[in-house]
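Source file: query-v1.cif (mmCIF, C-alpha atoms)
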data_start
#
loop_
_atom_site.label_atom_id
_atom_site.label_comp_id
_atom_site.auth_asym_id
_atom_site.auth_seq_id
_atom_site.Cartn_x
_atom_site.Cartn_y
_atom_site.Cartn_z
CA MET J 1 52.06 146.12 -53.10
CA LEU J 2 53.60 144.87 -56.32
CA SER J 3 52.11 141.67 -57.67
CA ILE J 4 55.09 140.53 -59.74
CA ASP J 5 57.51 137.79 -58.78
CA TRP J 6 60.70 139.79 -58.14
CA ARG J 7 62.76 136.60 -58.41
CA SER J 8 61.69 135.96 -62.00
CA PRO J 9 63.96 137.49 -64.68
CA ALA J 10 60.98 137.52 -67.07
CA ALA J 11 59.19 139.98 -64.79
CA TYR J 12 61.89 142.56 -65.46
CA GLY J 13 62.42 142.09 -69.20
CA HIS J 14 60.95 145.54 -69.83
CA THR J 15 63.82 147.19 -67.96
CA LYS J 16 66.11 146.58 -70.93
CA GLN J 17 63.98 148.98 -72.95
CA ILE J 18 63.80 151.96 -70.60
CA PRO J 19 66.35 154.79 -70.36
CA ALA J 20 68.63 155.12 -67.33
CA ALA J 21 66.42 157.82 -65.78
CA GLY J 22 63.39 155.56 -66.06
CA PHE J 23 65.27 152.69 -64.46
CA ALA J 24 66.43 154.95 -61.63
CA TRP J 25 62.85 156.08 -61.07
CA GLU J 26 61.61 152.48 -60.88
CA TYR J 27 64.21 151.83 -58.19
CA LEU J 28 63.66 155.06 -56.27
CA ARG J 29 59.88 154.88 -56.12
CA ARG J 30 60.11 151.57 -54.29
CA ASN J 31 62.39 152.98 -51.58
CA ASP J 32 60.44 153.34 -48.33
CA ASP J 33 62.65 156.16 -47.02
CA TYR J 34 62.17 158.16 -50.24
CA ARG J 35 58.42 157.60 -50.19
CA ARG J 36 58.18 158.67 -46.55
CA GLU J 37 60.22 161.83 -47.12
CA PHE J 38 58.30 162.67 -50.30
CA ARG J 39 55.01 162.32 -48.44
CA THR J 40 56.28 164.68 -45.72
CA ILE J 41 57.32 167.29 -48.31
CA ALA J 42 54.11 166.89 -50.31
CA LEU J 43 51.90 167.37 -47.25
CA ALA J 44 53.78 170.42 -45.97
CA ASP J 45 52.08 173.77 -46.31
CA GLY J 46 54.21 175.31 -49.04
CA PRO J 47 57.60 173.67 -48.48
CA ASN J 48 60.40 176.23 -48.66
CA GLY J 49 63.13 176.24 -51.27
CA HIS J 50 65.77 174.99 -48.85
CA ASP J 51 63.68 171.93 -47.93
CA LEU J 52 63.10 171.13 -51.61
CA GLU J 53 66.78 171.56 -52.46
CA THR J 54 67.80 169.33 -49.56
CA PHE J 55 65.29 166.68 -50.64
CA ALA J 56 66.45 166.81 -54.25
CA ALA J 57 70.13 166.64 -53.28
CA ARG J 58 69.61 163.71 -50.92
CA TRP J 59 67.89 161.63 -53.57
CA GLY J 60 69.90 162.81 -56.57
CA LEU J 61 66.94 164.44 -58.24
CA ARG J 62 67.22 166.96 -61.03
CA PHE J 63 64.29 168.86 -62.44
CA PRO J 64 64.16 170.42 -65.88
CA VAL J 65 64.23 174.19 -65.90
CA ARG J 66 60.98 175.68 -67.09
CA SER J 67 60.97 178.90 -68.98
CA ARG J 68 59.37 181.78 -67.17
CA ARG J 69 56.75 183.17 -69.46
CA THR J 70 55.38 186.59 -68.81
CA ALA J 71 51.75 187.12 -69.66
#
How does the structure come out when it is put into structure tokens?
Amino acid sequence: MLSIDWRSPAAYGHTKQIPAAGFAWEYLRRNDDYRREFRTIALADGPNGHDLETFAARWGLRFPVRSRRTA
């Protein structure tokens, strides 16, 4: 549980310094539905691509593309 006073503007002064993606993450990570669904995906035995795409689309997530290096 967060220990800050959510009613105090001073508790959120740092939000003026973070980029939009960081602000969105701060909001999203406190969402109980997101956390519950993330936990379900994370605990699944190798979630399939469709499940991951559905999860990402529902929550508006975008992941950077990683280059595929060949060894």
CA of Gln17 in chain J to CA of Arg30 in chain J, distance in Å rounded to a single decimal: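 Atom-to-atom, CA of Gln17 in chain J and CA of Arg30 in chain J are spaced 19.2 Å apart.
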For each of J:Arg62, J:Arg7, J:His50, J:Arg35, take the minimum atom-to-atom distance to Ala21 in chain J, counting all atoms listed in the file, then give the residue where this is smallest.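 The shortest atom-to-atom distance to Ala21 in chain J comes from J:Arg62.
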For CA of Phe23 in chain J and CA of Pro47 in chain J, quote the distance in Å rounded to one decimal. 27.5 Å
Minimum-distance residue to Glu26 in chain J, chosen among J:Phe38, J:Phe63, J:Tyr12, J:Phe55 (using all atoms listed in the file): J:Tyr12
Once 4 Å is added on each side, what centre and edge lengths in Å to one decimal does the axis-aligned box around all listed atoms of range 15-26 of chain J have, as AutoDock Vina command-line options?
--center_x 65.1 --center_y 152.2 --center_z -66.9 --size_x 15.0 --size_y 19.2 --size_z 20.1
Between CA of Ile4 in chain J and CA of Arg36 in chain J, distance in Å (one decimal):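 Straight-line distance from CA of Ile4 in chain J to CA of Arg36 in chain J works out to 22.6 Å.
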Shell around Gly60 in chain J at 12 Å using all atoms listed in the file, local window under 2 positions removed, as a PDB file with C-alpha atoms, keeping the file's coordinate frame:
ATOM      1  CA  ALA J  21      66.420 157.820 -65.780  1.00  0.00           C
ATOM      2  CA  ALA J  24      66.430 154.950 -61.630  1.00  0.00           C
ATOM      3  CA  TRP J  25      62.850 156.080 -61.070  1.00  0.00           C
ATOM      4  CA  LEU J  28      63.660 155.060 -56.270  1.00  0.00           C
ATOM      5  CA  TYR J  34      62.170 158.160 -50.240  1.00  0.00           C
ATOM      6  CA  LEU J  52      63.100 171.130 -51.610  1.00  0.00           C
ATOM      7  CA  GLU J  53      66.780 171.560 -52.460  1.00  0.00           C
ATOM      8  CA  THR J  54      67.800 169.330 -49.560  1.00  0.00           C
ATOM      9  CA  PHE J  55      65.290 166.680 -50.640  1.00  0.00           C
ATOM     10  CA  ALA J  56      66.450 166.810 -54.250  1.00  0.00           C
ATOM     11  CA  ALA J  57      70.130 166.640 -53.280  1.00  0.00           C
ATOM     12  CA  ARG J  58      69.610 163.710 -50.920  1.00  0.00           C
ATOM     13  CA  ARG J  62      67.220 166.960 -61.030  1.00  0.00           C
ATOM     14  CA  PHE J  63      64.290 168.860 -62.440  1.00  0.00           C
TER      15      PHE J  63
END
Missing atoms in range 24-46 of chain J need filling: write out N, CA, C and O atoms for it as a compact mmCIF listing (two decimals), keeping the file's coordinate frame.
# COMPACT_ATOMS: atom_id res chain seq x y z
N ALA J 24 66.17 154.36 -62.94
CA ALA J 24 66.43 154.95 -61.63
C ALA J 24 65.11 155.26 -60.92
O ALA J 24 64.98 155.04 -59.72
N TRP J 25 64.14 155.77 -61.67
CA TRP J 25 62.85 156.08 -61.07
C TRP J 25 62.17 154.82 -60.55
O TRP J 25 61.59 154.80 -59.47
N GLU J 26 62.22 153.74 -61.31
CA GLU J 26 61.61 152.48 -60.88
C GLU J 26 62.23 152.02 -59.56
O GLU J 26 61.54 151.50 -58.69
N TYR J 27 63.51 152.20 -59.41
CA TYR J 27 64.21 151.83 -58.19
C TYR J 27 63.83 152.77 -57.04
O TYR J 27 63.46 152.32 -55.96
N LEU J 28 63.89 154.06 -57.31
CA LEU J 28 63.66 155.06 -56.27
C LEU J 28 62.25 155.00 -55.72
O LEU J 28 62.03 155.06 -54.51
N ARG J 29 61.27 154.84 -56.57
CA ARG J 29 59.88 154.88 -56.12
C ARG J 29 59.50 153.71 -55.22
O ARG J 29 58.47 153.73 -54.56
N ARG J 30 60.36 152.71 -55.17
CA ARG J 30 60.11 151.57 -54.29
C ARG J 30 60.85 151.70 -52.95
O ARG J 30 60.71 150.85 -52.09
N ASN J 31 61.61 152.77 -52.79
CA ASN J 31 62.39 152.98 -51.58
C ASN J 31 61.49 153.60 -50.50
O ASN J 31 60.97 154.70 -50.65
N ASP J 32 61.33 152.87 -49.40
CA ASP J 32 60.44 153.34 -48.33
C ASP J 32 60.87 154.67 -47.73
O ASP J 32 60.04 155.51 -47.41
N ASP J 33 62.17 154.89 -47.58
CA ASP J 33 62.65 156.16 -47.02
C ASP J 33 62.31 157.32 -47.96
O ASP J 33 61.88 158.39 -47.51
N TYR J 34 62.51 157.13 -49.26
CA TYR J 34 62.17 158.16 -50.24
C TYR J 34 60.67 158.47 -50.18
O TYR J 34 60.26 159.62 -50.13
N ARG J 35 59.88 157.42 -50.19
CA ARG J 35 58.42 157.60 -50.19
C ARG J 35 57.96 158.33 -48.94
O ARG J 35 57.10 159.21 -49.02
N ARG J 36 58.54 158.01 -47.81
CA ARG J 36 58.18 158.67 -46.55
C ARG J 36 58.56 160.15 -46.59
O ARG J 36 57.78 161.02 -46.23
N GLU J 37 59.77 160.44 -47.06
CA GLU J 37 60.22 161.83 -47.12
C GLU J 37 59.42 162.63 -48.15
O GLU J 37 59.06 163.79 -47.92
N PHE J 38 59.11 162.00 -49.28
CA PHE J 38 58.30 162.67 -50.30
C PHE J 38 56.92 163.02 -49.74
O PHE J 38 56.42 164.12 -49.93
N ARG J 39 56.33 162.09 -49.03
CA ARG J 39 55.01 162.32 -48.44
C ARG J 39 55.06 163.50 -47.47
O ARG J 39 54.18 164.35 -47.45
N THR J 40 56.12 163.58 -46.68
CA THR J 40 56.28 164.68 -45.72
C THR J 40 56.37 166.02 -46.46
O THR J 40 55.70 166.99 -46.09
N ILE J 41 57.18 166.06 -47.51
CA ILE J 41 57.32 167.29 -48.31
C ILE J 41 56.01 167.64 -48.99
O ILE J 41 55.58 168.79 -49.01
N ALA J 42 55.34 166.64 -49.56
CA ALA J 42 54.11 166.89 -50.31
C ALA J 42 52.98 167.39 -49.41
O ALA J 42 52.14 168.19 -49.86
N LEU J 43 52.97 166.96 -48.16
CA LEU J 43 51.90 167.37 -47.25
C LEU J 43 52.19 168.67 -46.51
O LEU J 43 51.31 169.21 -45.85
N ALA J 44 53.41 169.17 -46.64
CA ALA J 44 53.78 170.42 -45.97
C ALA J 44 53.03 171.59 -46.61
O ALA J 44 52.77 171.59 -47.80
N ASP J 45 52.72 172.56 -45.79
CA ASP J 45 52.08 173.77 -46.31
C ASP J 45 53.14 174.63 -46.99
O ASP J 45 53.87 175.36 -46.33
N GLY J 46 53.24 174.52 -48.28
CA GLY J 46 54.21 175.31 -49.04
C GLY J 46 55.64 175.09 -48.58
O GLY J 46 56.20 175.95 -47.93
